[in-house]
>>> print(open('query.txt').read())   # compact mmCIF, C-alpha atoms
# COMPACT_ATOMS: atom_id res chain seq x y z
CA MET A 18 18.89 -25.63 -21.29
CA ILE A 19 16.16 -24.07 -19.17
CA ASP A 20 13.37 -26.49 -18.35
CA ALA A 21 10.34 -24.73 -19.87
CA GLY A 22 7.94 -26.85 -17.83
CA LYS A 23 9.58 -25.91 -14.56
CA LEU A 24 9.68 -22.25 -15.52
CA MET A 25 5.98 -22.22 -16.38
CA GLN A 26 5.23 -23.96 -13.09
CA GLN A 27 7.33 -21.42 -11.17
CA LYS A 28 5.72 -18.46 -12.94
CA ALA A 29 2.26 -19.96 -12.48
CA ARG A 30 2.92 -20.44 -8.77
CA TYR A 31 4.09 -16.84 -8.42
CA GLY A 32 1.23 -15.56 -10.56
CA ASN A 33 -1.42 -17.58 -8.74
CA MET A 34 -0.08 -16.36 -5.40
CA ARG A 35 -0.23 -12.79 -6.68
CA ASN A 36 -3.71 -13.14 -8.18
CA THR A 37 -5.06 -14.77 -5.04
CA LYS A 38 -3.81 -11.89 -2.93
CA VAL A 39 -5.30 -9.35 -5.30
CA VAL A 40 -8.70 -10.97 -4.85
CA ASP A 41 -8.21 -11.12 -1.07
CA LEU A 42 -7.32 -7.47 -0.82
CA HIS A 43 -10.03 -6.24 -3.11
CA SER A 44 -12.95 -8.27 -1.88
CA SER A 45 -12.56 -10.25 1.31
CA LYS A 46 -10.18 -7.91 3.20
CA VAL A 47 -8.03 -10.70 4.65
CA ALA A 48 -6.85 -9.94 8.18
CA CYS A 49 -3.18 -9.98 9.11
CA LYS A 50 -3.49 -13.22 11.06
CA GLU A 51 -4.85 -14.98 7.94
CA CYS A 52 -2.34 -13.47 5.51
CA SER A 53 0.36 -15.73 4.06
CA LEU A 54 2.92 -12.94 4.68
CA HIS A 55 2.18 -12.89 8.41
CA GLN A 56 5.65 -14.17 9.32
CA LEU A 57 7.39 -11.77 6.95
CA CYS A 58 6.05 -8.35 7.85
CA LEU A 59 4.96 -8.65 11.50
CA PRO A 60 6.99 -8.90 14.72
CA ARG A 61 7.30 -12.60 15.49
CA SER A 62 6.06 -12.21 19.06
CA ILE A 63 2.89 -10.24 18.31
CA ASN A 64 -0.36 -12.14 18.62
CA GLY A 65 -3.88 -12.14 20.02
CA ALA A 66 -5.32 -8.78 21.00
CA ASP A 67 -2.13 -6.95 19.97
CA LEU A 68 -2.40 -8.38 16.48
CA GLU A 69 -5.99 -7.20 16.24
CA LYS A 70 -4.91 -3.69 17.26
CA LEU A 71 -2.32 -3.63 14.52
CA ASP A 72 -4.71 -5.07 11.97
CA SER A 73 -7.25 -2.37 12.80
CA ILE A 74 -4.98 0.44 11.54
CA ILE A 75 -3.89 -1.27 8.30
CA GLU A 76 -5.62 -0.30 5.07
CA ARG A 77 -5.67 -2.65 2.08
CA LYS A 78 -5.33 -0.51 -1.01
CA LYS A 79 -6.73 -1.26 -4.45
CA PRO A 80 -4.13 -3.18 -6.51
CA LEU A 81 -1.78 -1.05 -8.58
CA LYS A 82 -1.50 -1.70 -12.30
CA ARG A 83 1.89 -2.06 -13.99
CA ASN A 84 3.66 1.35 -14.22
CA GLU A 85 1.19 2.93 -11.79
CA ASN A 86 2.78 5.00 -9.03
CA LEU A 87 2.22 4.29 -5.34
CA PHE A 88 3.58 7.72 -4.41
CA GLN A 89 5.46 10.53 -6.13
CA VAL A 90 8.61 12.52 -5.36
CA GLY A 91 7.76 15.35 -2.98
CA GLY A 92 4.45 13.82 -1.97
CA SER A 93 3.40 14.27 1.64
CA PHE A 94 4.40 11.43 3.94
CA ASN A 95 1.42 9.93 5.75
CA SER A 96 1.96 6.18 5.64
CA ILE A 97 4.44 3.39 5.17
CA TYR A 98 3.57 0.53 2.85
CA VAL A 99 4.05 -3.24 2.91
CA VAL A 100 4.09 -5.11 -0.40
CA ARG A 101 1.47 -7.86 -0.33
CA SER A 102 2.01 -9.21 -3.84
CA GLY A 103 3.82 -8.20 -6.99
CA SER A 104 6.81 -5.84 -6.90
CA LEU A 105 7.75 -2.18 -7.14
CA LYS A 106 10.79 -0.07 -7.90
CA THR A 107 11.72 3.17 -6.17
CA TYR A 108 13.44 5.89 -8.17
CA SER A 109 14.47 9.53 -8.04
CA PRO A 110 14.53 12.03 -10.92
CA THR A 111 17.94 13.22 -12.12
CA VAL A 112 18.87 16.73 -13.26
CA ASP A 113 18.63 15.68 -16.90
CA GLY A 114 15.07 14.42 -16.46
CA GLN A 115 15.92 10.72 -16.28
CA GLU A 116 15.19 8.21 -13.51
CA GLN A 117 17.72 6.83 -11.02
CA VAL A 118 16.47 3.50 -9.67
CA THR A 119 17.15 3.24 -5.94
CA GLY A 120 15.62 -0.12 -5.09
CA PHE A 121 13.35 -3.05 -5.89
CA HIS A 122 10.74 -4.24 -3.41
CA LEU A 123 9.25 -7.74 -3.14
CA PRO A 124 6.37 -9.16 -1.04
CA GLY A 125 6.87 -8.61 2.69
CA GLU A 126 9.11 -5.57 2.20
CA LEU A 127 8.41 -1.99 3.25
CA LEU A 128 8.48 1.35 1.47
CA GLY A 129 8.30 4.92 2.73
CA LEU A 130 10.56 4.90 5.79
CA ASP A 131 12.96 7.35 4.12
CA ALA A 132 10.24 10.02 4.15
CA ILE A 133 9.86 10.16 7.94
CA GLY A 134 12.55 12.78 8.51
CA LYS A 135 11.34 15.54 6.19
CA GLY A 136 7.71 14.51 5.91
CA LYS A 137 7.97 14.23 2.11
CA HIS A 138 8.87 11.32 -0.15
CA PRO A 139 12.41 11.78 -1.56
CA CYS A 140 11.69 9.23 -4.28
CA ALA A 141 8.78 7.76 -6.22
CA ALA A 142 7.52 4.18 -6.20
CA LYS A 143 6.16 2.48 -9.32
CA ALA A 144 4.62 -0.97 -9.76
CA LEU A 145 6.64 -3.33 -11.98
CA GLU A 146 3.57 -5.58 -12.37
CA THR A 147 0.09 -5.85 -10.85
CA THR A 148 0.90 -5.15 -7.20
CA SER A 149 -1.04 -5.04 -3.94
CA VAL A 150 0.10 -3.21 -0.83
CA CYS A 151 -1.01 -2.68 2.75
CA GLU A 152 -1.01 0.97 3.82
CA VAL A 153 -0.08 1.69 7.45
CA PRO A 154 -0.87 5.29 8.55
CA PHE A 155 2.30 6.37 10.35
CA GLU A 156 0.55 8.49 12.96
CA HIS A 157 -1.49 5.49 14.07
CA LEU A 158 1.52 3.19 13.89
CA GLU A 159 3.58 5.58 16.00
CA GLY A 160 0.87 5.70 18.65
CA LEU A 161 0.42 1.94 18.67
CA SER A 162 4.18 1.36 18.91
CA GLN A 163 4.15 3.16 22.27
CA GLU A 164 1.73 0.51 23.54
CA LEU A 165 3.61 -2.41 21.96
CA PRO A 166 7.35 -2.43 22.77
CA THR A 167 7.98 -5.17 20.21
CA LEU A 168 6.55 -3.01 17.46
CA GLN A 169 8.64 -0.03 18.52
CA HIS A 170 11.76 -2.20 18.45
CA GLN A 171 10.98 -3.37 14.92
CA LEU A 172 10.53 0.21 13.70
CA LEU A 173 13.97 1.13 15.02
CA ARG A 174 15.40 -2.04 13.45
CA LEU A 175 13.91 -1.13 10.09
CA MET A 176 15.28 2.40 10.22
CA SER A 177 18.71 0.98 11.04
CA LYS A 178 18.46 -1.35 8.06
CA GLU A 179 17.61 1.58 5.76
CA ILE A 180 20.96 3.13 6.71
CA PHE A 181 22.75 -0.21 6.27
CA ASP A 182 21.24 -0.76 2.82
CA ASP A 183 22.28 2.72 1.67
CA GLN A 184 25.84 2.01 2.79
CA GLU A 185 25.87 -1.36 1.03
CA LEU A 186 24.65 0.21 -2.20
CA MET A 187 27.34 2.89 -2.05
CA LEU A 188 30.01 0.19 -1.58
CA LEU A 189 28.56 -1.85 -4.43
CA LEU A 190 28.53 1.06 -6.87
CA GLY A 191 31.81 2.59 -5.74
CA LYS A 192 34.20 -0.34 -5.60
CA LYS A 193 32.97 -3.39 -7.46
CA THR A 194 33.38 -4.41 -11.10
CA ALA A 195 30.42 -4.86 -13.42
CA GLU A 196 30.64 -8.63 -12.91
CA ALA A 197 30.64 -8.23 -9.13
CA ARG A 198 27.68 -5.84 -9.20
CA LEU A 199 25.51 -8.16 -11.30
CA SER A 200 26.55 -11.22 -9.27
CA ALA A 201 25.67 -9.50 -6.00
CA PHE A 202 22.33 -8.39 -7.44
CA LEU A 203 21.35 -11.88 -8.61
CA LEU A 204 22.37 -13.41 -5.26
CA SER A 205 20.37 -10.78 -3.39
CA ILE A 206 17.23 -11.49 -5.43
CA SER A 207 17.82 -15.24 -5.02
CA LEU A 208 18.02 -14.97 -1.23
CA ARG A 209 14.94 -12.78 -1.03
CA PHE A 210 12.92 -15.29 -3.06
CA LYS A 211 14.18 -18.07 -0.78
CA GLN A 212 12.96 -16.21 2.28
CA ARG A 213 9.49 -15.99 0.71
CA GLY A 214 9.28 -19.73 0.17
CA PHE A 215 10.15 -19.72 -3.53
CA SER A 216 13.09 -21.40 -5.23
CA SER A 217 16.38 -19.57 -4.74
CA VAL A 218 17.77 -21.33 -7.83
CA GLU A 219 15.09 -20.66 -10.45
CA PHE A 220 13.08 -17.43 -10.48
CA TYR A 221 11.50 -14.68 -12.57
CA LEU A 222 12.85 -11.11 -12.61
CA SER A 223 10.03 -8.58 -12.80
CA MET A 224 12.39 -5.66 -13.48
CA SER A 225 13.74 -4.84 -16.94
CA ARG A 226 17.40 -5.01 -17.96
CA ASN A 227 17.28 -1.22 -18.26
CA ASP A 228 16.15 -0.92 -14.64
CA ILE A 229 18.81 -3.39 -13.48
CA ALA A 230 21.50 -1.45 -15.33
CA ASN A 231 20.23 1.85 -13.93
CA TYR A 232 20.24 0.48 -10.39
CA LEU A 233 23.74 -0.97 -10.70
CA GLY A 234 25.18 2.14 -12.34
CA LEU A 235 26.01 0.31 -15.58
CA ALA A 236 25.15 0.66 -19.25
CA VAL A 237 22.37 -1.65 -20.37
CA GLU A 238 24.74 -3.07 -23.01
CA THR A 239 27.15 -3.98 -20.21
CA VAL A 240 24.44 -5.77 -18.25
CA SER A 241 23.36 -7.71 -21.34
CA ARG A 242 26.99 -8.64 -22.03
CA MET A 243 27.45 -9.80 -18.43
CA PHE A 244 24.31 -11.98 -18.62
CA THR A 245 25.70 -13.56 -21.79
CA ARG A 246 29.12 -14.09 -20.21
CA PHE A 247 27.61 -15.64 -17.08
CA GLN A 248 25.70 -18.08 -19.28
CA GLU A 249 28.79 -18.95 -21.32
CA ASP A 250 30.74 -19.54 -18.09
CA GLY A 251 28.01 -21.83 -16.75
CA LEU A 252 27.09 -19.57 -13.84
CA ILE A 253 23.46 -19.06 -14.83
CA GLU A 254 20.91 -19.83 -17.50
CA ALA A 255 18.74 -16.95 -18.63
CA GLU A 256 15.82 -16.76 -21.03
CA ARG A 257 14.38 -13.25 -21.06
CA LYS A 258 13.45 -12.64 -17.41
CA HIS A 259 13.69 -16.25 -16.27
CA ILE A 260 16.89 -17.06 -14.38
CA ILE A 261 18.43 -20.32 -13.16
CA ILE A 262 21.42 -20.14 -10.81
CA LYS A 263 23.82 -22.88 -11.91
CA ASP A 264 27.00 -22.08 -9.93
CA ARG A 265 26.25 -20.15 -6.75
CA GLU A 266 29.74 -20.64 -5.33
CA ASN A 267 31.45 -18.90 -8.22
CA LEU A 268 28.84 -16.14 -8.25
CA GLN A 269 29.62 -15.55 -4.57
CA GLN A 270 33.33 -15.38 -5.32
CA ILE A 271 32.78 -12.86 -8.10
CA ALA A 272 30.55 -10.77 -5.83
CA GLY A 273 33.08 -10.93 -2.99
CA MET A 274 30.63 -12.85 -0.80
CA ASN A 275 30.79 -16.16 1.02
CA ASP A 276 28.19 -18.49 2.50
CA CYS A 277 28.34 -16.71 5.85
CA CYS A 278 27.79 -13.31 4.23
CA SER A 279 24.96 -14.71 2.11
CA GLU A 280 23.13 -16.07 5.12
CA SER A 281 23.67 -12.81 6.95
CA SER A 282 22.29 -10.91 3.99
CA ASP A 283 19.27 -13.20 3.98
CA ASP A 284 18.62 -12.50 7.65
CA ASN A 285 18.99 -8.77 7.15
CA SER A 286 16.52 -8.81 4.29
CA GLN A 287 13.71 -9.96 6.57
CA LEU A 288 11.83 -6.68 6.79
CA MET A 289 9.34 -7.03 9.58
CA LEU A 290 6.82 -4.46 10.61
>>> encode(input="query.txt", output="structure tokens")
Amino acid sequence: MIDAGKLMQQKARYGNMRNTKVVDLHSSKVACKECSLHQLCLPRSINGADLEKLDSIIERKKPLKRNENLFQVGGSFNSIYVVRSGSLKTYSPTVDGQEQVTGFHLPGELLGLDAIGKGKHPCAAKALETTSVCEVPFEHLEGLSQELPTLQHQLLRLMSKEIFDDQELMLLLGKKTAEARLSAFLLSISLRFKQRGFSSVEFYLSMSRNDIANYLGLAVETVSRMFTRFQEDGLIEAERKHIIIKDRENLQQIAGMNDCCSESSDDNSQLML
């Protein structure tokens, strides 16, 4: 059974981290060098005066409430965004008026790069919970990147990763079974939590089952059935949005991944500004 005490501790740790950052952003305007995400969203070699230059162009926005949009489809592209705390989903409207979820974004990850080409956002971004972001005006970032080669390199790296992620999603939706899709999703979230210093074994999913199903191209009933099957097979334990990974090796086999691929995926998920 899931250890309720551990789950409460995990959720409290995540919630306290989020609440602390909300206070920092809203009142004390914490600088990049003092931010706990410093190693996640900045080039590793940037420091000193260069860091101050970068910090000077970053705007700390007021925290978003749950279900509040960061930007809308067709909105003018002016900035890219770094998630400070909380989480968001990106989605595009379909012809029948529904939403197609295109991604989930955790602390340290970026949004908005896909709008650079046409100057308009091809998707919308909505907060899944109380969420804080740093806004980076692209015009200023572009100018600063010409002064800082490391920053320019990271921008190119991020754009390359956008292409890679789109290809991976197409492969996931086009070739894999429902079991493989859900396994790959849980392993991806697990690795991303690990990179942020949280447990990769026990974590809280901020997205709904409906959103997970939408993202994976499955019916919500199928996702619920897969969660139940994974529990019966001893792969995971799940209580609402709380997840415990019990058998990572078998999850990797179902997803068509191995330890090497998992570590590679973890490295690729390090989105650095």
>>> closest_residue(input="query.txt", among="A:Leu158, A:Leu235, A:Leu145, A:Ile262", to="A:Tyr98", atoms="all atoms listed in the file")
A:Leu158
>>> residues_around(input="query.txt", residues="A:Ile229", least_positions_apart="3", cutoff="9 Å", atoms="only C-alpha atoms", output="CSV table (one decimal) with C-alpha atoms, keeping the file's coordinate frame")
chain,number,residue,atom,x,y,z
A,118,VAL,CA,16.5,3.5,-9.7
A,199,LEU,CA,25.5,-8.2,-11.3
A,202,PHE,CA,22.3,-8.4,-7.4
A,224,MET,CA,12.4,-5.7,-13.5
A,225,SER,CA,13.7,-4.8,-16.9
A,226,ARG,CA,17.4,-5.0,-18.0
A,232,TYR,CA,20.2,0.5,-10.4
A,233,LEU,CA,23.7,-1.0,-10.7
A,234,GLY,CA,25.2,2.1,-12.3
A,235,LEU,CA,26.0,0.3,-15.6
A,237,VAL,CA,22.4,-1.6,-20.4
A,240,VAL,CA,24.4,-5.8,-18.2
>>> atom_distance(input="query.txt", atom1="atom CA of A:Ala197", atom2="atom CA of A:Phe121")
18.3 Å
>>> atom_distance(input="query.txt", atom1="atom CA of A:Leu203", atom2="atom CA of A:Ala142")
21.3 Å
>>> axis_aligned_box(input="query.txt", around="stretch 198-212 of chain A", padding_each_side="4 Å", output="AutoDock Vina command-line options")
--center_x 20.3 --center_y -12.0 --center_z -4.5 --size_x 22.8 --size_y 20.2 --size_z 21.6
>>> residues_near_point(input="query.txt", point="(10.6, 1.7, 7.3)", cutoff="8 Å", atoms="all atoms listed in the file", output="count of residues only")
11
>>> atom_distance(input="query.txt", atom1="atom CA of A:Pro80", atom2="atom CA of A:His259")
24.2 Å
>>> residues_near_point(input="query.txt", point="(3.5, -2.0, 19.6)", cutoff="9 Å", atoms="all atoms listed in the file", output="PyMOL selection string")
chain A and resi 63+67+70-71+158-171
